[in-house]
Amino acid sequence: MNVKVKELLKRISDNDPTLTTLRLNGGIWLYQDDTRALAKALATNTTLKTLGLCYNRVGIEGACALAEALAINKTLNTLELTINYIGLTGVRALAKALTRNTTLKSLDLEENDIGPDGACALAEALTRNT
């Protein structure tokens with residue numbers, strides 16, 4: 001994990017009130033281990049509203065870790081995951097989290113190979129999200 005990511009994780013863990021938007025899109029190359037650490041910090045964060053992780057390597061495990069955090073987090077409004085190789089398993093985990101998370105308003109899953117089954121899982125989750 002690079003130094004910049006470590007510093008940002010600390011700010012997320014510390015609930016830095018100046019950190020409300022964070023975009024780690026491309027160039028940073030977050031991998032599954034990095035995403036798990038980010039998810040752990042995100043679970044209890046109360047300040048971050050927007051998180052962009054587009055064009056990284058989040059993968060299935062990272063998506064599952066983010067899903068666990070989303071089930072707990074009560075402040076994140078936007079999660080951008082374009083091109084992260086999360087697939088059907090990852091999107092099913094995110095869908096399950098959405099049944100418990102009522103604060104997320106925007107979830108970008110463009111080009112993640114979720115297929116029709118993944119889209120159906122999301123649609124079903126959203127019918128139970130109030």
# chains A, B, ... in the order shown; residues from 1 in each chain; ligands from 1
>>> residues_around(residues="stretch 48-64 of chain A", least_positions_apart="5", cutoff="9 Å", atoms="only C-alpha atoms", output="ChimeraX atom specification")
/A:12,15-36,39,42,69,75-94,104,108
>>> residues_around(residues="A:Lys96", least_positions_apart="6", cutoff="12 Å", atoms="only C-alpha atoms", output="number ranges by chain")
A: 63-64, 66-71, 89-90, 118, 120-129
>>> atom_distance(atom1="atom CA of A:Ala37", atom2="atom CA of A:Ile72")
15.0 Å
>>> closest_residue(among="A:Asp113, A:Asp14, A:Lys105, A:Lys74", to="A:Ala43", atoms="only C-alpha atoms")
A:Lys74
>>> select_by_dssp(residues="stretch 29-88 of chain A", states="strand (DSSP E)", output="JSON, numbers by chain")
{"A": [50, 51, 52, 78, 79, 80]}
>>> write_last_selection(atoms="N, CA, C and O atoms", output="mmCIF file, in the first residue's frame")
data_model
loop_
_atom_site.group_PDB
_atom_site.id
_atom_site.type_symbol
_atom_site.label_atom_id
_atom_site.label_comp_id
_atom_site.auth_asym_id
_atom_site.auth_seq_id
_atom_site.Cartn_x
_atom_site.Cartn_y
_atom_site.Cartn_z
ATOM 1 N N THR A 50 -18.911 10.939 -0.446
ATOM 2 C CA THR A 50 -18.670 10.446 -1.802
ATOM 3 C C THR A 50 -17.343 9.711 -1.849
ATOM 4 O O THR A 50 -16.323 10.238 -1.400
ATOM 5 N N LEU A 51 -17.363 8.497 -2.407
ATOM 6 C CA LEU A 51 -16.154 7.705 -2.565
ATOM 7 C C LEU A 51 -16.078 7.203 -4.000
ATOM 8 O O LEU A 51 -16.956 6.482 -4.471
ATOM 9 N N GLY A 52 -15.037 7.614 -4.701
ATOM 10 C CA GLY A 52 -14.810 7.180 -6.068
ATOM 11 C C GLY A 52 -13.627 6.230 -6.137
ATOM 12 O O GLY A 52 -12.525 6.584 -5.730
ATOM 13 N N THR A 78 -22.645 8.369 -2.161
ATOM 14 C CA THR A 78 -22.246 8.012 -3.521
ATOM 15 C C THR A 78 -21.048 7.083 -3.487
ATOM 16 O O THR A 78 -20.045 7.379 -2.822
ATOM 17 N N LEU A 79 -21.149 5.972 -4.223
ATOM 18 C CA LEU A 79 -20.041 5.033 -4.374
ATOM 19 C C LEU A 79 -19.859 4.751 -5.861
ATOM 20 O O LEU A 79 -20.769 4.264 -6.523
ATOM 21 N N GLU A 80 -18.694 5.092 -6.369
ATOM 22 C CA GLU A 80 -18.384 4.926 -7.787
ATOM 23 C C GLU A 80 -17.392 3.776 -7.957
ATOM 24 O O GLU A 80 -16.268 3.849 -7.460
#
>>> closest_residue(among="A:Ala65, A:Val3, A:Leu8, A:Leu38", to="A:Ala97", atoms="only C-alpha atoms")
A:Ala65
>>> select_by_dssp(residues="stretch 15-104 of chain A", states="alpha helix (DSSP H)", output="VMD selection string")
chain A and resid 32 to 43 59 to 72 87 to 98
>>> atom_distance(atom1="atom CA of A:Val5", atom2="atom CA of A:Leu107")
22.0 Å
